[in-house]
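Student: What follows is data_32.txt, made up of compact mmCIF, C-alpha atoms:
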# COMPACT_ATOMS: atom_id res chain seq x y z
CA MET C 246 0.00 0.00 0.00
CA SER C 247 1.06 3.60 -0.40
CA PRO C 248 2.52 5.57 2.51
CA LYS C 249 0.36 7.81 4.67
CA ASN C 250 -0.17 11.44 3.84
CA GLY C 251 2.95 13.44 4.60
CA ASP C 252 5.53 10.76 3.82
CA HIS C 253 6.09 12.21 0.36
CA HIS C 254 5.97 15.91 1.27
CA ARG C 255 8.99 17.89 0.16
CA SER C 256 10.63 21.14 1.09
CA THR C 257 8.77 24.02 -0.50
CA ALA C 258 12.08 25.41 -1.78
CA LEU C 259 12.51 22.36 -4.03
CA ARG C 260 9.03 22.39 -5.49
CA ARG C 261 7.96 23.89 -8.78
CA VAL C 262 4.89 26.11 -8.79
CA PRO C 263 1.80 24.30 -10.15
CA THR C 264 0.35 25.73 -13.36
CA PRO C 265 -3.05 27.30 -12.58
CA GLY C 266 -5.92 25.21 -13.91
CA LYS C 267 -3.78 22.21 -14.93
CA ALA C 268 -4.76 18.74 -13.73
CA THR C 269 -2.30 17.38 -11.19
CA LEU C 270 -1.69 14.00 -9.57
CA LEU C 271 -2.32 14.56 -5.86
CA ALA C 272 -1.87 11.02 -4.51
CA ILE C 273 -1.27 7.46 -5.65
CA GLY C 274 -2.04 4.00 -4.25
CA LYS C 275 -1.82 0.35 -5.25
CA ALA C 276 -3.08 -3.05 -4.11
CA PHE C 277 -2.61 -6.71 -4.99
CA PRO C 278 -4.25 -10.06 -4.25
CA SER C 279 -2.64 -12.18 -1.54
CA GLN C 280 -1.30 -14.90 -3.84
CA LEU C 281 2.33 -14.11 -4.75
CA ILE C 282 4.08 -16.26 -7.38
CA PRO C 283 7.86 -16.04 -7.84
CA GLN C 284 8.60 -16.52 -11.54
CA GLU C 285 10.81 -19.55 -10.88
CA CYS C 286 7.80 -21.33 -9.36
CA LEU C 287 5.32 -20.46 -12.09
CA VAL C 288 6.07 -23.21 -14.61
CA GLU C 289 5.68 -26.15 -12.23
CA GLY C 290 2.49 -24.69 -10.79
CA TYR C 291 0.93 -23.93 -14.19
CA ILE C 292 1.80 -27.35 -15.62
CA ARG C 293 0.42 -29.06 -12.50
CA ASP C 294 -2.77 -26.96 -12.33
CA THR C 295 -3.61 -27.50 -16.02
CA LYS C 296 -2.61 -31.21 -15.96
CA CYS C 297 -0.36 -30.64 -18.96
CA ASP C 298 1.90 -33.57 -19.88
CA ASP C 299 3.53 -32.12 -23.00
CA PRO C 300 7.29 -31.58 -22.37
CA ALA C 301 7.56 -29.26 -25.41
CA ILE C 302 4.98 -26.89 -23.91
CA LYS C 303 6.74 -26.95 -20.56
CA GLU C 304 10.08 -26.20 -22.19
CA LYS C 305 8.61 -23.28 -24.16
CA LEU C 306 6.99 -21.81 -21.05
CA GLU C 307 10.29 -22.07 -19.15
CA ARG C 308 12.00 -20.18 -21.98
CA LEU C 309 9.30 -17.50 -22.07
CA CYS C 310 9.44 -17.01 -18.30
CA LYS C 311 13.13 -16.16 -18.56
CA THR C 312 12.80 -13.76 -21.50
CA THR C 313 9.96 -11.72 -19.93
CA THR C 314 12.38 -10.41 -17.21
CA VAL C 315 9.50 -10.75 -14.69
CA LYS C 316 10.65 -11.86 -11.22
CA ARG C 317 7.31 -12.18 -9.42
CA ARG C 318 3.60 -11.60 -9.86
CA PHE C 319 0.43 -11.50 -7.83
CA THR C 320 -2.66 -13.47 -8.82
CA VAL C 321 -6.27 -13.91 -7.72
CA LEU C 322 -6.19 -17.52 -8.91
CA SER C 323 -5.44 -19.95 -6.08
CA ARG C 324 -5.50 -23.65 -5.27
CA GLU C 325 -8.82 -23.10 -3.45
CA ILE C 326 -10.40 -21.52 -6.54
CA LEU C 327 -9.23 -24.36 -8.81
CA ASP C 328 -10.56 -26.93 -6.33
CA LYS C 329 -13.94 -25.18 -6.34
CA TYR C 330 -13.95 -24.62 -10.12
CA PRO C 331 -11.99 -27.53 -11.69
CA GLU C 332 -13.62 -26.76 -15.03
CA LEU C 333 -11.34 -23.69 -15.36
CA ALA C 334 -8.49 -26.10 -16.08
CA THR C 335 -10.54 -28.28 -18.42
CA GLU C 336 -10.16 -27.62 -22.14
CA GLY C 337 -13.38 -26.65 -23.93
CA SER C 338 -15.51 -26.09 -20.80
CA PRO C 339 -18.03 -23.21 -20.96
CA THR C 340 -16.84 -21.24 -17.92
CA ILE C 341 -17.69 -17.58 -18.48
CA ARG C 342 -20.21 -17.64 -15.60
CA GLN C 343 -17.69 -19.16 -13.20
CA ARG C 344 -14.92 -16.77 -14.27
CA LEU C 345 -17.13 -13.74 -13.67
CA GLU C 346 -18.21 -15.09 -10.28
CA ILE C 347 -14.54 -14.90 -9.33
CA ALA C 348 -13.43 -11.82 -11.27
CA ASN C 349 -16.26 -9.36 -10.58
CA PRO C 350 -15.86 -9.18 -6.80
CA ALA C 351 -12.07 -9.65 -6.94
CA VAL C 352 -11.39 -6.60 -9.10
CA VAL C 353 -13.59 -4.35 -6.95
CA ASP C 354 -11.91 -5.65 -3.78
CA MET C 355 -8.50 -4.72 -5.21
CA ALA C 356 -9.76 -1.37 -6.57
CA ALA C 357 -11.20 -0.51 -3.15
CA ASP C 358 -7.93 -1.35 -1.38
CA ALA C 359 -5.89 0.72 -3.87
CA SER C 360 -8.36 3.61 -3.63
CA LEU C 361 -8.31 3.63 0.18
CA ALA C 362 -4.49 3.67 0.15
CA CYS C 363 -4.60 6.57 -2.31
CA ILE C 364 -7.22 8.53 -0.36
CA ASN C 365 -5.21 7.94 2.82
CA GLU C 366 -2.13 9.49 1.17
CA TRP C 367 -4.23 12.35 -0.21
CA GLY C 368 -5.36 13.20 3.33
CA ARG C 369 -8.85 14.44 2.59
CA PRO C 370 -12.16 12.59 3.23
CA ALA C 371 -13.62 10.31 0.56
CA ALA C 372 -16.71 12.53 0.51
CA ASP C 373 -14.57 15.23 -1.16
CA ILE C 374 -14.28 13.05 -4.29
CA THR C 375 -16.56 14.58 -6.91
CA HIS C 376 -15.92 12.19 -9.82
CA LEU C 377 -14.92 8.54 -10.24
CA VAL C 378 -13.25 7.07 -13.33
CA TYR C 379 -12.99 3.27 -13.16
CA VAL C 380 -10.98 1.22 -15.65
CA SER C 381 -11.08 -2.57 -16.04
CA SER C 382 -10.87 -5.20 -18.75
CA SER C 383 -11.59 -7.96 -16.24
CA GLU C 384 -15.24 -7.68 -15.19
CA ILE C 385 -18.66 -7.65 -16.88
CA ARG C 386 -21.92 -6.81 -15.12
CA LEU C 387 -24.70 -4.26 -14.75
CA PRO C 388 -24.44 -2.08 -12.76
CA GLY C 389 -20.71 -1.92 -13.36
CA GLY C 390 -17.82 -1.96 -10.96
CA ASP C 391 -17.87 1.84 -10.79
CA LEU C 392 -21.09 1.79 -8.75
CA HIS C 393 -19.91 -1.08 -6.57
CA LEU C 394 -16.64 0.76 -5.93
CA ALA C 395 -18.36 4.06 -5.13
CA THR C 396 -20.59 2.26 -2.62
CA ARG C 397 -17.67 0.44 -1.00
CA LEU C 398 -15.72 3.67 -0.58
CA GLY C 399 -18.67 5.62 0.79
CA LEU C 400 -18.55 8.18 -2.02
CA ARG C 401 -21.49 10.54 -2.17
CA SER C 402 -24.48 9.47 -4.27
CA ASP C 403 -24.08 12.33 -6.77
CA VAL C 404 -20.46 11.44 -7.60
CA GLY C 405 -19.99 11.64 -11.39
CA ARG C 406 -19.06 8.13 -12.58
CA VAL C 407 -17.33 7.03 -15.78
CA MET C 408 -16.70 3.32 -16.51
CA LEU C 409 -14.01 2.44 -19.09
CA TYR C 410 -14.29 -1.21 -20.14
CA PHE C 411 -11.99 -3.45 -22.21
CA LEU C 412 -9.28 -1.05 -23.28
CA GLY C 413 -6.43 -3.34 -22.34
CA CYS C 414 -2.92 -2.08 -21.69
CA TYR C 415 -3.49 1.58 -22.59
CA GLY C 416 -6.53 1.92 -20.30
CA GLY C 417 -4.63 3.55 -17.44
CA VAL C 418 -3.42 6.43 -19.60
CA THR C 419 -6.88 6.76 -21.17
CA GLY C 420 -8.18 7.09 -17.61
CA LEU C 421 -5.64 9.87 -16.98
CA ARG C 422 -6.79 11.70 -20.11
CA VAL C 423 -10.45 11.46 -19.07
CA ALA C 424 -9.70 12.46 -15.46
CA LYS C 425 -7.64 15.41 -16.72
CA ASP C 426 -10.53 16.66 -18.88
CA ILE C 427 -12.97 16.36 -15.96
CA ALA C 428 -10.64 18.09 -13.47
CA GLU C 429 -9.83 20.99 -15.77
CA ASN C 430 -13.42 21.58 -16.85
CA ASN C 431 -14.99 21.37 -13.40
CA PRO C 432 -13.25 23.86 -11.07
CA GLY C 433 -12.72 22.48 -7.59
CA SER C 434 -13.42 18.90 -8.65
CA ARG C 435 -11.40 15.96 -7.33
CA VAL C 436 -11.34 12.86 -9.52
CA LEU C 437 -10.57 9.38 -8.20
CA LEU C 438 -9.17 7.25 -11.02
CA ALA C 439 -9.06 3.53 -10.18
CA THR C 440 -7.84 0.65 -12.35
CA SER C 441 -8.13 -3.04 -11.51
CA GLU C 442 -7.27 -6.20 -13.45
CA THR C 443 -7.18 -9.98 -13.04
CA THR C 444 -6.09 -12.70 -15.46
CA ILE C 445 -8.95 -15.01 -14.42
CA LEU C 446 -10.85 -14.41 -17.70
CA GLY C 447 -7.86 -15.61 -19.73
CA PHE C 448 -6.58 -18.55 -17.65
CA ARG C 449 -6.87 -21.90 -19.48
CA PRO C 450 -4.93 -25.08 -20.22
CA PRO C 451 -2.16 -24.64 -22.82
CA SER C 452 -2.84 -25.61 -26.43
CA LYS C 453 -0.55 -25.71 -29.45
CA SER C 454 -3.37 -24.03 -31.40
CA ARG C 455 -3.17 -21.04 -29.02
CA PRO C 456 0.53 -20.24 -28.62
CA TYR C 457 -0.17 -16.81 -27.13
CA ASP C 458 -1.69 -18.44 -24.02
CA LEU C 459 1.85 -19.27 -22.89
CA VAL C 460 2.99 -15.68 -23.41
CA GLY C 461 0.12 -14.53 -21.22
CA ALA C 462 0.96 -17.12 -18.57
CA ALA C 463 4.59 -15.95 -18.51
CA LEU C 464 3.93 -12.20 -18.56
CA PHE C 465 0.63 -11.02 -17.03
CA GLY C 466 -0.28 -10.43 -13.39
CA ASP C 467 -3.14 -9.11 -11.25
CA GLY C 468 -3.50 -5.94 -9.21
CA ALA C 469 -5.04 -2.49 -8.89
CA ALA C 470 -3.98 1.14 -8.74
CA ALA C 471 -5.56 4.51 -7.98
CA VAL C 472 -4.73 8.20 -8.23
CA VAL C 473 -6.49 11.40 -7.18
CA VAL C 474 -6.48 14.05 -9.91
CA GLY C 475 -7.36 17.71 -9.44
CA ALA C 476 -6.33 21.21 -10.52
CA ASP C 477 -5.04 23.96 -8.23
CA PRO C 478 -3.88 21.99 -5.15
CA VAL C 479 -5.23 23.48 -1.92
CA GLU C 480 -2.38 25.13 0.00
CA GLY C 481 -1.60 23.25 3.20
CA LYS C 482 -4.03 20.41 2.40
CA GLU C 483 -2.76 18.93 -0.87
CA GLU C 484 0.55 18.57 -2.62
CA GLY C 485 0.66 17.66 -6.30
CA PHE C 486 3.66 15.72 -7.53
CA MET C 487 3.04 15.60 -11.29
CA GLU C 488 1.03 17.71 -13.72
CA LEU C 489 -0.86 16.24 -16.66
CA SER C 490 0.11 18.96 -19.10
CA TYR C 491 -1.32 17.63 -22.40
CA ALA C 492 -2.80 14.29 -23.50
CA VAL C 493 -3.08 12.71 -26.95
CA GLN C 494 -4.63 9.47 -28.22
CA GLU C 495 -3.96 8.10 -31.70
CA PHE C 496 -4.66 4.81 -33.47
CA LEU C 497 -2.65 3.33 -36.33
CA PRO C 498 -4.95 2.70 -39.33
CA GLY C 499 -5.06 -0.89 -40.56
CA THR C 500 -3.74 -2.46 -37.35
CA HIS C 501 -7.01 -3.65 -35.80
CA GLY C 502 -5.94 -7.30 -35.94
CA VAL C 503 -2.46 -6.95 -34.43
CA ILE C 504 -3.86 -7.24 -30.89
CA ASP C 505 -7.01 -9.33 -31.00
CA GLY C 506 -9.15 -10.24 -27.98
CA ARG C 507 -12.39 -12.22 -28.19
CA LEU C 508 -14.79 -13.05 -25.38
CA SER C 509 -16.21 -16.56 -25.67
CA GLU C 510 -17.99 -19.13 -23.52
CA GLU C 511 -14.54 -20.25 -22.34
CA GLY C 512 -13.35 -16.81 -21.26
CA ILE C 513 -11.28 -14.33 -23.23
CA ASN C 514 -8.87 -15.36 -25.99
CA PHE C 515 -5.98 -13.11 -26.96
CA ARG C 516 -3.84 -13.17 -30.05
CA LEU C 517 -0.82 -10.92 -30.46
CA GLY C 518 0.72 -10.29 -33.87
CA ARG C 519 4.47 -10.82 -34.10
CA ASP C 520 4.76 -7.40 -35.75
CA LEU C 521 3.50 -5.50 -32.67
CA PRO C 522 6.97 -4.30 -31.56
CA GLU C 523 7.77 -3.23 -35.13
CA LYS C 524 4.50 -1.28 -35.47
CA ILE C 525 5.21 0.58 -32.24
CA GLU C 526 8.84 1.14 -33.21
CA GLY C 527 7.89 2.58 -36.60
CA ASN C 528 5.47 5.17 -35.20
CA ILE C 529 6.62 6.07 -31.72
CA GLU C 530 9.04 8.89 -32.54
CA GLU C 531 6.51 10.94 -34.48
CA PHE C 532 3.88 10.35 -31.79
CA CYS C 533 6.25 11.60 -29.07
CA ARG C 534 7.23 14.64 -31.13
CA LYS C 535 3.56 15.42 -31.77
CA LEU C 536 2.80 15.29 -28.05
CA MET C 537 5.79 17.51 -27.25
CA ARG C 538 4.80 20.06 -29.92
CA ILE C 539 1.21 20.24 -28.65
CA GLY C 540 2.62 20.82 -25.18
CA GLY C 541 4.86 23.64 -26.38
CA LEU C 542 8.19 21.82 -26.23
CA GLY C 543 10.17 22.69 -29.36
CA ASP C 544 12.01 20.27 -31.63
CA GLY C 545 15.21 21.40 -29.94
CA VAL C 546 14.29 19.46 -26.79
CA GLY C 547 15.99 16.07 -26.90
CA PHE C 548 14.40 12.85 -25.73
CA ASN C 549 17.16 12.39 -23.17
CA GLU C 550 16.20 15.68 -21.52
CA LEU C 551 12.89 14.10 -20.50
CA PHE C 552 11.96 11.50 -17.90
CA TRP C 553 10.03 8.49 -19.21
CA ALA C 554 7.08 6.60 -17.71
CA VAL C 555 6.30 3.91 -20.30
CA HIS C 556 3.86 1.02 -19.94
CA PRO C 557 6.06 -2.10 -20.05
CA GLY C 558 4.04 -4.30 -22.38
CA GLY C 559 7.07 -6.55 -22.55
CA PRO C 560 10.87 -6.30 -22.75
CA ALA C 561 10.91 -6.31 -26.58
CA ILE C 562 8.78 -3.16 -26.74
CA LEU C 563 10.95 -1.37 -24.18
CA ASN C 564 14.16 -2.39 -25.97
CA ARG C 565 12.90 -1.22 -29.36
CA LEU C 566 11.60 2.07 -27.97
CA GLU C 567 14.93 2.67 -26.24
CA GLY C 568 16.85 2.01 -29.45
CA THR C 569 14.56 3.94 -31.78
CA LEU C 570 14.53 7.07 -29.63
CA GLY C 571 18.22 6.82 -28.73
CA LEU C 572 17.48 6.86 -25.01
CA GLU C 573 20.38 6.74 -22.59
CA GLU C 574 20.83 3.73 -20.35
CA GLY C 575 18.58 4.03 -17.31
CA LYS C 576 15.85 6.16 -18.91
CA LEU C 577 13.40 3.24 -18.83
CA ASP C 578 14.53 1.82 -15.49
CA CYS C 579 11.19 2.57 -13.80
CA SER C 580 9.33 0.66 -16.52
CA ARG C 581 11.72 -2.28 -16.30
CA LYS C 582 11.43 -2.34 -12.50
CA ALA C 583 7.61 -2.35 -12.62
CA LEU C 584 7.68 -5.23 -15.13
CA MET C 585 10.15 -7.13 -12.95
CA ASP C 586 8.19 -6.62 -9.73
CA TYR C 587 4.60 -7.05 -10.93
CA GLY C 588 4.57 -8.33 -14.53
CA ASN C 589 2.33 -6.70 -17.10
CA VAL C 590 -0.80 -5.82 -15.10
CA SER C 591 -2.53 -4.24 -18.09
CA SER C 592 -4.08 -0.82 -17.31
CA ASN C 593 -2.57 -0.63 -13.80
CA THR C 594 1.07 -0.92 -14.75
CA ILE C 595 1.61 2.70 -15.80
CA PHE C 596 0.82 3.77 -12.22
CA TYR C 597 3.40 1.40 -10.76
CA VAL C 598 5.89 2.97 -13.19
CA MET C 599 4.83 6.49 -12.18
CA GLU C 600 5.17 5.69 -8.48
CA TYR C 601 8.72 4.46 -9.08
CA MET C 602 9.37 7.61 -11.14
CA ARG C 603 8.14 9.82 -8.29
CA GLU C 604 10.54 8.05 -5.91
CA GLU C 605 13.43 8.40 -8.36
CA LEU C 606 12.90 12.12 -8.95
CA MET C 607 12.56 12.74 -5.20
CA LYS C 608 15.76 10.78 -4.52
CA LYS C 609 17.66 13.02 -6.94
CA ARG C 610 16.35 16.13 -5.20
CA LYS C 611 17.30 14.84 -1.76
CA GLY C 612 20.70 13.71 -3.02
CA GLY C 613 21.58 17.15 -4.34
CA GLU C 614 21.42 16.12 -8.03
CA TYR C 615 18.34 18.26 -8.63
CA LYS C 616 18.59 21.24 -10.95
CA GLU C 617 15.57 23.40 -11.72
CA SER C 618 15.94 22.96 -15.49
CA GLU C 619 16.50 19.19 -15.45
CA GLU C 620 13.82 16.53 -15.73
CA GLU C 621 10.98 18.99 -15.39
CA TRP C 622 9.22 17.38 -18.35
CA GLY C 623 8.47 13.76 -19.12
CA LEU C 624 6.29 11.50 -21.23
CA GLY C 625 3.79 8.92 -20.00
CA LEU C 626 3.06 6.37 -22.73
CA ALA C 627 0.98 3.23 -23.20
CA PHE C 628 0.04 1.05 -26.18
CA GLY C 629 -2.80 -1.37 -26.73
CA PRO C 630 -5.45 -2.79 -29.06
CA GLY C 631 -6.12 -0.76 -32.13
CA ILE C 632 -3.07 -0.34 -32.27
CA THR C 633 -3.74 2.63 -29.99
CA PHE C 634 -1.13 5.01 -28.59
CA GLU C 635 -1.96 7.01 -25.46
CA GLY C 636 0.40 9.71 -24.31
CA VAL C 637 0.57 12.36 -21.61
CA LEU C 638 3.08 15.18 -21.40
CA LEU C 639 4.03 15.24 -17.72
CA ARG C 640 5.57 17.97 -15.59
CA SER C 641 7.29 17.09 -12.35
CA LEU C 642 6.49 19.47 -9.48
Produce structure tokens that represent the structure in this file.
Tutor:
Amino acid sequence: MSPKNGDHHRSTALRRVPTPGKATLLAIGKAFPSQLIPQECLVEGYIRDTKCDDPAIKEKLERLCKTTTVKRRFTVLSREILDKYPELATEGSPTIRQRLEIANPAVVDMAADASLACINEWGRPAADITHLVYVSSSEIRLPGGDLHLATRLGLRSDVGRVMLYFLGCYGGVTGLRVAKDIAENNPGSRVLLATSETTILGFRPPSKSRPYDLVGAALFGDGAAAVVVGADPVEGKEEGFMELSYAVQEFLPGTHGVIDGRLSEEGINFRLGRDLPEKIEGNIEEFCRKLMRIGGLGDGVGFNELFWAVHPGGPAILNRLEGTLGLEEGKLDCSRKALMDYGNVSSNTIFYVMEYMREELMKKRKGGEYKESEEEWGLGLAFGPGITFEGVLLRSL
């Protein structure tokens, strides 16, 4: 969970002045299910739980687990759940009802824990939240998780709710863009943005006809995150740590099939095109330049003058982005650390990256490395189905 309010407060002399009217991150929190799986234990557990007796599949999964760079992950799935729902590990079983029985309450439980940690750091009562943006690709029901979450947190009944379903890995940055628009167009508003994901919908026995299932088993994890977004932090009550200066979304025409997800009676099936890293690599530089231009940063500003909070879809994407943009070693350390510590947790992961980035920037200030002109600006990026790029020009306060 995130620290209590005050743990992240800094000397006023080292803080930049917030831009009037600009949406600002005021607090951040995270939460995870209790089941922790070290990566070195994953293969034996997965093979046992799915009753797989194919040595070629086991060998491939072992190889994938090493190349993902993930060290540990959290998961809702447990021995108790598999004992209660053995059909989840049975090929061809219609299990969408069972999966949702597990996923729907689990994602709201995690979202509530992350939101409470975030509100605790923020230091104001939950009743001061005016809007709720809730992001998940892991639950399906009416009313949606946004209402269940608002009730659990004791938010007021006239809180303005927005539910963002099935966006995948870029959903967290989409949530930031939506929260930014709400905060900047409703003076005095305070937006709680919560994201929560579980891999329950996609868990299934391995099959040679679905090679991507093994990639998912080796890479994805469960968890939740939350931030409070608002403009014009209240002196003495709030302290923003990062401004959302400008936000841009863009899709690449003709790439609808590169990331393909289909909901069926057996859960959700994903297929990832091998050309995904290349598609991102071929378009990322212009997207970043476009975002910088919109935000008023000229072409003379180099990529290495910025800090980077990038959704770690996988190591191949980070490596290609690093090479294409000519980033110095260490620029994507926060993304690599989030991937290592939590895996790819879909929409949540960008917030784990941003929390690490906050710690890194603060460490530099405390260590005397801080200079007013350095690392004021950064880019928050995520990629997902579409292929869709989401980007936010960030300003460290």
Student: Which residues of segment 442-535 of chain C come within 12 Å of segment 632-640 of chain C, and for each one, what is the closest pair of atoms and their distance in Å to one decimal, counting all atoms listed in the file, sorted by chain and residue number, as JSON lines?
Tutor:
{"residue": "C:Gly485", "atom": "CA", "partner": "C:Arg640", "partner_atom": "CA", "distance": 10.5}
{"residue": "C:Phe486", "atom": "CA", "partner": "C:Arg640", "partner_atom": "CA", "distance": 8.6}
{"residue": "C:Met487", "atom": "CA", "partner": "C:Arg640", "partner_atom": "CA", "distance": 5.5}
{"residue": "C:Glu488", "atom": "CA", "partner": "C:Arg640", "partner_atom": "CA", "distance": 4.9}
{"residue": "C:Leu489", "atom": "CA", "partner": "C:Leu639", "partner_atom": "CA", "distance": 5.1}
{"residue": "C:Ser490", "atom": "CA", "partner": "C:Leu638", "partner_atom": "CA", "distance": 5.3}
{"residue": "C:Tyr491", "atom": "CA", "partner": "C:Leu638", "partner_atom": "CA", "distance": 5.1}
{"residue": "C:Ala492", "atom": "CA", "partner": "C:Val637", "partner_atom": "CA", "distance": 4.3}
{"residue": "C:Val493", "atom": "CA", "partner": "C:Gly636", "partner_atom": "CA", "distance": 5.3}
{"residue": "C:Gln494", "atom": "CA", "partner": "C:Glu635", "partner_atom": "CA", "distance": 4.6}
{"residue": "C:Glu495", "atom": "CA", "partner": "C:Phe634", "partner_atom": "CA", "distance": 5.2}
{"residue": "C:Phe496", "atom": "CA", "partner": "C:Thr633", "partner_atom": "CA", "distance": 4.2}
{"residue": "C:Leu497", "atom": "CA", "partner": "C:Ile632", "partner_atom": "CA", "distance": 5.5}
{"residue": "C:Pro498", "atom": "CA", "partner": "C:Ile632", "partner_atom": "CA", "distance": 7.9}
{"residue": "C:Gly499", "atom": "CA", "partner": "C:Ile632", "partner_atom": "CA", "distance": 8.5}
{"residue": "C:Thr500", "atom": "CA", "partner": "C:Ile632", "partner_atom": "CA", "distance": 5.5}
{"residue": "C:His501", "atom": "CA", "partner": "C:Ile632", "partner_atom": "CA", "distance": 6.2}
{"residue": "C:Gly502", "atom": "CA", "partner": "C:Ile632", "partner_atom": "CA", "distance": 8.4}
{"residue": "C:Val503", "atom": "CA", "partner": "C:Ile632", "partner_atom": "CA", "distance": 7.0}
{"residue": "C:Ile504", "atom": "CA", "partner": "C:Ile632", "partner_atom": "CA", "distance": 7.1}
{"residue": "C:Asp505", "atom": "CA", "partner": "C:Ile632", "partner_atom": "CA", "distance": 9.9}
{"residue": "C:Leu517", "atom": "CA", "partner": "C:Ile632", "partner_atom": "CA", "distance": 11.0}
{"residue": "C:Gly518", "atom": "CA", "partner": "C:Ile632", "partner_atom": "CA", "distance": 10.8}
{"residue": "C:Asp520", "atom": "CA", "partner": "C:Ile632", "partner_atom": "CA", "distance": 11.1}
{"residue": "C:Leu521", "atom": "CA", "partner": "C:Ile632", "partner_atom": "CA", "distance": 8.4}
{"residue": "C:Pro522", "atom": "CA", "partner": "C:Ile632", "partner_atom": "CA", "distance": 10.8}
{"residue": "C:Glu523", "atom": "CA", "partner": "C:Ile632", "partner_atom": "CA", "distance": 11.6}
{"residue": "C:Lys524", "atom": "CA", "partner": "C:Ile632", "partner_atom": "CA", "distance": 8.3}
{"residue": "C:Ile525", "atom": "CA", "partner": "C:Ile632", "partner_atom": "CA", "distance": 8.3}
{"residue": "C:Glu526", "atom": "CA", "partner": "C:Phe634", "partner_atom": "CA", "distance": 11.6}
{"residue": "C:Asn528", "atom": "CA", "partner": "C:Phe634", "partner_atom": "CA", "distance": 9.3}
{"residue": "C:Ile529", "atom": "CA", "partner": "C:Phe634", "partner_atom": "CA", "distance": 8.4}
{"residue": "C:Glu530", "atom": "CA", "partner": "C:Phe634", "partner_atom": "CA", "distance": 11.6}
{"residue": "C:Glu531", "atom": "CA", "partner": "C:Phe634", "partner_atom": "CA", "distance": 11.3}
{"residue": "C:Phe532", "atom": "CA", "partner": "C:Phe634", "partner_atom": "CA", "distance": 8.0}
{"residue": "C:Cys533", "atom": "CA", "partner": "C:Gly636", "partner_atom": "CA", "distance": 7.8}
{"residue": "C:Arg534", "atom": "CA", "partner": "C:Leu638", "partner_atom": "CA", "distance": 10.6}
{"residue": "C:Lys535", "atom": "CA", "partner": "C:Gly636", "partner_atom": "CA", "distance": 9.9}
Student: For the point (6.1, -16.2, -5.8) in file coordinates, what residues are within 12 Å, counting all atoms listed in the file? Give the answer as a list in words?
Tutor: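 Using all atoms listed in the file, the matching residues come out as Ser279, Gln280, Leu281, Ile282, Pro283, Gln284, Glu285, Cys286, Leu287, Val288, Glu289, Gly290, Val315, Lys316, Arg317, Arg318, Phe319, Thr320, Gly466, Asp586, Tyr587 and Gly588 of chain C.
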Student: What is the atom CA of Glu620 of chain C-atom CA of Asn430 of chain C distance in Å, reported with one decimal?
Tutor: 27.7 Å
Student: With a distance cut-off of 10 Å and all atoms listed in the file, select the neighbouring residues of segment 449-464 of chain C, excluding the residue or stretch itself and same-chain residues fewer than 6 positions from it, and output the selection as a VMD selection string.
Tutor: chain C and resid 284 287 to 288 291 to 292 294 to 297 299 301 to 303 305 to 318 332 to 338 511 to 518 558 to 559 584 to 585 587 to 590
Student: For Leu400 of chain C, list every protein, DNA or RNA residue within 10 Å, evaluated using only C-alpha atoms, and leave out those in the same chain fewer than 6 positions away; present the list as an NGL selection string.
Tutor: :C and (370-377 or 392 or 394)
Student: Take the residues just selected and output them with C-alpha atoms as a compact mmCIF listing (two decimals), in the coordinates of the input.
Tutor:
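Saved as selection_20.txt:
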# COMPACT_ATOMS: atom_id res chain seq x y z
CA PRO C 370 -12.16 12.59 3.23
CA ALA C 371 -13.62 10.31 0.56
CA ALA C 372 -16.71 12.53 0.51
CA ASP C 373 -14.57 15.23 -1.16
CA ILE C 374 -14.28 13.05 -4.29
CA THR C 375 -16.56 14.58 -6.91
CA HIS C 376 -15.92 12.19 -9.82
CA LEU C 377 -14.92 8.54 -10.24
CA LEU C 392 -21.09 1.79 -8.75
CA LEU C 394 -16.64 0.76 -5.93
Student: Tell me which of C:Ser323, C:Thr419, C:Asn349, C:Ser641 sits closest to Leu438 of chain C, counting all atoms listed in the file.
Tutor: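 Of C:Ser323, C:Thr419, C:Asn349, C:Ser641, the one nearest Leu438 of chain C is C:Thr419, counting all atoms listed in the file.
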Student: Ranking C:Asp578, C:Cys363, C:Ala471, C:Leu570 by minimum distance to Ala424 of chain C and counting only C-alpha atoms, which one comes first?
Tutor: C:Ala471
Student: May I have the residues at most 10 Å from (-10.4, -10.6, -11.9) in the file's coordinates, counting all atoms listed in the file, as JSON, numbers by chain?
Tutor: {"C": [278, 320, 321, 322, 344, 345, 346, 347, 348, 349, 350, 351, 352, 353, 354, 355, 381, 382, 383, 384, 441, 442, 443, 444, 445, 446, 447, 467, 468]}
Student: For Gly405 of chain C, which residue out of C:Ala272, C:Ala428, C:Leu624, C:Leu551 is the nearest one, using all atoms listed in the file?
Tutor: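 Result for the nearest residue to Gly405 of chain C: C:Ala428.
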Student: Only C-alpha atoms, as an mmCIF file, in the first residue's frame: that is what I want for segment 579-592 of chain C.
Tutor:
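File result18.cif, as written:
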data_model
loop_
_atom_site.group_PDB
_atom_site.id
_atom_site.type_symbol
_atom_site.label_atom_id
_atom_site.label_comp_id
_atom_site.auth_asym_id
_atom_site.auth_seq_id
_atom_site.Cartn_x
_atom_site.Cartn_y
_atom_site.Cartn_z
ATOM 1 C CA CYS C 579 11.193 2.572 -13.796
ATOM 2 C CA SER C 580 9.327 0.659 -16.525
ATOM 3 C CA ARG C 581 11.718 -2.285 -16.304
ATOM 4 C CA LYS C 582 11.434 -2.340 -12.504
ATOM 5 C CA ALA C 583 7.611 -2.348 -12.617
ATOM 6 C CA LEU C 584 7.685 -5.227 -15.127
ATOM 7 C CA MET C 585 10.148 -7.129 -12.950
ATOM 8 C CA ASP C 586 8.188 -6.618 -9.726
ATOM 9 C CA TYR C 587 4.596 -7.049 -10.932
ATOM 10 C CA GLY C 588 4.568 -8.334 -14.525
ATOM 11 C CA ASN C 589 2.329 -6.699 -17.104
ATOM 12 C CA VAL C 590 -0.801 -5.819 -15.096
ATOM 13 C CA SER C 591 -2.529 -4.239 -18.088
ATOM 14 C CA SER C 592 -4.076 -0.823 -17.308
#
